[in-house]
Amino acid sequence: MLAVTSRYRCTHDPSRVLGSGSKMAASGGKGPAMDPWRIFPDVTPDQMRAEAERQAIKGKLRTAMQAKLRDPYAVGNFEDPALTRWYYVRNHQFDNFKQTPKTSFLGITFGVVPVVFLTWLFLKDRRKMKQDWLKGIGRNKASIINF
Amino acid sequence: MNHLVLGYVGLVIGVIVTKKSMVWRVGQVGSVLLMLPATVLVNMNMTISNVSYMMTSDFVSLGLTVLSIWLLPLMLLASQQHMVSESLIYQRVFVGCQVFLTGALVLAFMASDLLLFYIAFESTLLPTLMLITRWGAQKERYQAGTYFMFFTLVGSLPLLICLIGQYQMVGSLALDLSYEGVFQLSYLVNFWWVGCILAFLVKLPLYGVHLWLPKAHVEAPIAGSMVLAGVLLKLGGYGMMRVSLMWGATAMLSSEVFLALALWGIVVMGGICLRQTDLKSLIAYSSVGHMALVVGGVLTGVAWGYNGAMVLMIAHGLVSSCLFCLANLWYERSSTRNLSGSRGLIMIFPLISLGWFLMSLMNMALPPAINLFGELVAMVALYNWSPYSIVYMSLGAVLTAAYSLYLFGMSQWGNTMKNYKNLYTITSREYLLTTLHLVPAIYLIFYLGLMF
């Protein structure tokens, strides 16, 4: 989508804005309220035309999907191929794994470091506990949850 | 209990030789009838007591044996729909696989000799592999079966070597005659201990070696998923408890690495579950998190740890199996396991939403469900083991609640998807399936003495 920075929101279809009308005037003879140069002042006509084409394609896709969805004679479930592709990508990330600096960093940070840290922490705590037991102290934790 | 295992052998033969219209009937009625001999198993002693010359039944094995016997008719009930169109010989092999699997599981849980347990442990692999690779739904089932087989085999080979070493040292592998700890001071004893428990850690699974589980659970048919989540994971926990007679002291001395993996695994699995788009995958990853707490409970070496692990295993077996049934319910109608593609189910199937609701609540250990008591007891044991574990356990519990609610909310609430045209009503078979999972889970709330 184009980043519309203008204060004015376009409430009508851009393809209609560029549609019929006088070809002589740059505004298409529509007046300032429907002049694309004034509604989206930071957007060139080429960008407007490209966006109108994209909206037309999406409109056709939407119409096709609605036709399949609302078909009263349809049998079986309606499958959206785009959704299927999206789910395939989500569920096959492991098969297409590639080692990069980013993945190495993530693996080490979330896989190796916590486990190593936890092992060290537990070893330290258990060693201290065993030494305390041998001295007869027991688990003497001076803390607010000591009971 | 020779006649219990022989009953399963007979049931396999019965399924193979009966006529076409009686195959499933024989399987289901026979599996229900085989619950009767299990009533003799009730033995609340913690000490091992013999039932026959090679089988034993005590408090530890009782719950899991009854669970595996209970799950067989449920597995058959759940698979009826998708097996309707298969040819007769495949139906016979399918039912025969499940019956053989349950027989091997009962043998494993009641074995009084570690080598018999090992043989039964390995023999559960083959029927499960057949279930996954033949009757799974997608082509990824081959890789899933390979992962499942090879992870377990590689893990259990050291177990065989260490059992043979134990046999040479002790002279017998009978459970009655295990040493009460091995009092050698050399560092080598740690490798022996790791060799013994590695198979069970892979089976449970522990976080670092859990890769086979999501693949196997997702690609398996419903019967395979139920038995995997319900009982096969518990083989690992049970095995660890059995070898703890010999290795309990070593576990208390040198289990920091495995407990670190397990505790971090609970947190990581909670996070992964929140990011899943596949319904079955979410339930599979949640199994890893729950079993990590079982690992924690067993490796502490104290009685509370074992008790908590036992209750957790029974509770998780019922809950996870039911969740897979409910997910399969939806999968059979919509051919999709996508979480965001299955919204608003409470409006379409309101009564089975009760099943989803109760099972999601039990999955996140809401009181008074038995999952809570298992978790609480295991957490207390782990806190006693080291206070620093409370951080990871509480984070894990919060994330467990988060993804359980996420699962229920994403599947049941929201606007109903309009693109599914094949939604026939929930059959009484499926209601019965859910009820038969819920009834023991709720009954155990009132009679937790069965576990403790």
# chains A, B, ... in the order shown; residues from 1 in each chain; ligands from 1
$ residues_around --residues "Leu339 (chain B)" --least-positions-apart "2" --cutoff "9 Å" --atoms "only C-alpha atoms" --output "list of chain:residue names"
B:Gln276, B:Thr277, B:Asp278, B:Leu279, B:Thr336, B:Arg337, B:Gly341, B:Ser342, B:Arg343, B:Leu407, B:Met410, B:Ser411
$ interface_residues --of "chain B" --to "chain A" --cutoff "6 Å" --atoms "only C-alpha atoms" --output "list in words"
Glu256, Val257, Ala260, Leu261, Asn419, Tyr420, Lys421 and Asn422 of chain B
$ write_last_selection --atoms "all heavy atoms" --output "PDB file, in the first residue's frame"
ATOM      1  N   GLU B 256      22.626 -32.769  37.183  1.00  0.00           N
ATOM      2  CA  GLU B 256      22.400 -31.349  36.928  1.00  0.00           C
ATOM      3  C   GLU B 256      22.171 -31.042  35.462  1.00  0.00           C
ATOM      4  O   GLU B 256      21.325 -30.215  35.117  1.00  0.00           O
ATOM      5  CB  GLU B 256      23.609 -30.530  37.417  1.00  0.00           C
ATOM      6  CG  GLU B 256      23.662 -30.329  38.904  1.00  0.00           C
ATOM      7  CD  GLU B 256      24.283 -31.521  39.600  1.00  0.00           C
ATOM      8  OE1 GLU B 256      24.784 -32.403  38.896  1.00  0.00           O
ATOM      9  OE2 GLU B 256      24.246 -31.577  40.830  1.00  0.00           O
ATOM     10  N   VAL B 257      22.933 -31.697  34.576  1.00  0.00           N
ATOM     11  CA  VAL B 257      22.816 -31.393  33.141  1.00  0.00           C
ATOM     12  C   VAL B 257      21.413 -31.712  32.647  1.00  0.00           C
ATOM     13  O   VAL B 257      20.760 -30.905  31.979  1.00  0.00           O
ATOM     14  CB  VAL B 257      23.860 -32.188  32.333  1.00  0.00           C
ATOM     15  CG1 VAL B 257      23.675 -31.939  30.869  1.00  0.00           C
ATOM     16  CG2 VAL B 257      25.249 -31.818  32.764  1.00  0.00           C
ATOM     17  N   ALA B 260      18.893 -29.368  33.998  1.00  0.00           N
ATOM     18  CA  ALA B 260      18.973 -28.068  33.332  1.00  0.00           C
ATOM     19  C   ALA B 260      18.259 -28.110  31.993  1.00  0.00           C
ATOM     20  O   ALA B 260      17.465 -27.219  31.654  1.00  0.00           O
ATOM     21  CB  ALA B 260      20.445 -27.662  33.133  1.00  0.00           C
ATOM     22  N   LEU B 261      18.504 -29.191  31.221  1.00  0.00           N
ATOM     23  CA  LEU B 261      17.826 -29.352  29.944  1.00  0.00           C
ATOM     24  C   LEU B 261      16.319 -29.429  30.131  1.00  0.00           C
ATOM     25  O   LEU B 261      15.547 -28.810  29.398  1.00  0.00           O
ATOM     26  CB  LEU B 261      18.317 -30.623  29.247  1.00  0.00           C
ATOM     27  CG  LEU B 261      19.609 -30.507  28.453  1.00  0.00           C
ATOM     28  CD1 LEU B 261      20.114 -31.877  28.077  1.00  0.00           C
ATOM     29  CD2 LEU B 261      19.394 -29.677  27.213  1.00  0.00           C
ATOM     30  N   ASN B 419     -15.859 -21.545   5.157  1.00  0.00           N
ATOM     31  CA  ASN B 419     -15.493 -22.292   3.970  1.00  0.00           C
ATOM     32  C   ASN B 419     -15.546 -23.799   4.139  1.00  0.00           C
ATOM     33  O   ASN B 419     -15.146 -24.529   3.259  1.00  0.00           O
ATOM     34  CB  ASN B 419     -14.093 -21.882   3.497  1.00  0.00           C
ATOM     35  CG  ASN B 419     -13.117 -21.859   4.655  1.00  0.00           C
ATOM     36  OD1 ASN B 419     -13.495 -21.532   5.773  1.00  0.00           O
ATOM     37  ND2 ASN B 419     -11.876 -22.180   4.408  1.00  0.00           N
ATOM     38  N   TYR B 420     -16.074 -24.291   5.260  1.00  0.00           N
ATOM     39  CA  TYR B 420     -16.144 -25.736   5.447  1.00  0.00           C
ATOM     40  C   TYR B 420     -17.555 -26.198   5.185  1.00  0.00           C
ATOM     41  O   TYR B 420     -18.498 -25.752   5.816  1.00  0.00           O
ATOM     42  CB  TYR B 420     -15.704 -26.113   6.862  1.00  0.00           C
ATOM     43  CG  TYR B 420     -14.279 -25.715   7.119  1.00  0.00           C
ATOM     44  CD1 TYR B 420     -13.963 -24.749   8.044  1.00  0.00           C
ATOM     45  CD2 TYR B 420     -13.249 -26.300   6.399  1.00  0.00           C
ATOM     46  CE1 TYR B 420     -12.661 -24.382   8.265  1.00  0.00           C
ATOM     47  CE2 TYR B 420     -11.947 -25.933   6.607  1.00  0.00           C
ATOM     48  CZ  TYR B 420     -11.654 -24.975   7.538  1.00  0.00           C
ATOM     49  OH  TYR B 420     -10.369 -24.609   7.744  1.00  0.00           O
ATOM     50  N   LYS B 421     -17.677 -27.114   4.220  1.00  0.00           N
ATOM     51  CA  LYS B 421     -19.012 -27.538   3.806  1.00  0.00           C
ATOM     52  C   LYS B 421     -19.357 -28.930   4.293  1.00  0.00           C
ATOM     53  O   LYS B 421     -20.446 -29.406   4.108  1.00  0.00           O
ATOM     54  CB  LYS B 421     -19.109 -27.531   2.272  1.00  0.00           C
ATOM     55  CG  LYS B 421     -18.554 -26.294   1.635  1.00  0.00           C
ATOM     56  CD  LYS B 421     -19.618 -25.253   1.475  1.00  0.00           C
ATOM     57  CE  LYS B 421     -19.087 -24.121   0.644  1.00  0.00           C
ATOM     58  NZ  LYS B 421     -19.311 -22.837   1.253  1.00  0.00           N
ATOM     59  N   ASN B 422     -18.385 -29.652   4.868  1.00  0.00           N
ATOM     60  CA  ASN B 422     -18.583 -31.065   5.155  1.00  0.00           C
ATOM     61  C   ASN B 422     -18.857 -31.338   6.613  1.00  0.00           C
ATOM     62  O   ASN B 422     -18.566 -32.416   7.095  1.00  0.00           O
ATOM     63  CB  ASN B 422     -17.312 -31.825   4.763  1.00  0.00           C
ATOM     64  CG  ASN B 422     -17.513 -32.613   3.505  1.00  0.00           C
ATOM     65  OD1 ASN B 422     -18.615 -32.692   2.992  1.00  0.00           O
ATOM     66  ND2 ASN B 422     -16.464 -33.201   3.000  1.00  0.00           N
TER      67      ASN B 422
END
$ residues_around --residues "region 91-98 of chain B" --least-positions-apart "2" --cutoff "10 Å" --atoms "only C-alpha atoms" --output "ChimeraX atom specification"
/B:8-9,11-18,20,23-24,26-28,72-73,75-76,79-80,83-89,100-104,124,126-131,134-135,223-224,227
$ atom_distance --atom1 "CA of Phe200 (chain B)" --atom2 "CA of Leu159 (chain B)"
8.9 Å
$ residues_around --residues "Ser112 (chain B)" --least-positions-apart "3" --cutoff "7 Å" --atoms "only C-alpha atoms" --output "NGL selection string"
:B and (54-56 or 174-175)
$ write_last_selection --atoms "N, CA and C atoms" --output "PDB file, in the first residue's frame"
ATOM      1  N   MET B  54       7.469 -64.272  35.975  1.00  0.00           N
ATOM      2  CA  MET B  54       8.267 -63.273  35.284  1.00  0.00           C
ATOM      3  C   MET B  54       7.565 -61.918  35.218  1.00  0.00           C
ATOM      4  N   MET B  55       6.458 -61.799  35.908  1.00  0.00           N
ATOM      5  CA  MET B  55       5.778 -60.519  35.877  1.00  0.00           C
ATOM      6  C   MET B  55       5.458 -60.067  37.274  1.00  0.00           C
ATOM      7  N   THR B  56       5.383 -58.753  37.390  1.00  0.00           N
ATOM      8  CA  THR B  56       5.143 -58.194  38.698  1.00  0.00           C
ATOM      9  C   THR B  56       4.180 -57.043  38.549  1.00  0.00           C
ATOM     10  N   ALA B 174      16.967 -59.187  37.552  1.00  0.00           N
ATOM     11  CA  ALA B 174      15.651 -59.095  38.180  1.00  0.00           C
ATOM     12  C   ALA B 174      15.555 -57.809  38.974  1.00  0.00           C
ATOM     13  N   LEU B 175      14.372 -57.221  38.938  1.00  0.00           N
ATOM     14  CA  LEU B 175      14.205 -55.937  39.619  1.00  0.00           C
ATOM     15  C   LEU B 175      14.359 -56.061  41.127  1.00  0.00           C
TER      16      LEU B 175
END
$ closest_residue --among "B:Leu382, B:Trp193, B:Met417, B:Ile161" --to "Leu253 (chain B)" --atoms "only C-alpha atoms"
B:Trp193
$ atom_distance --atom1 "CA of Pro101 (chain A)" --atom2 "CA of His210 (chain B)"
24.4 Å
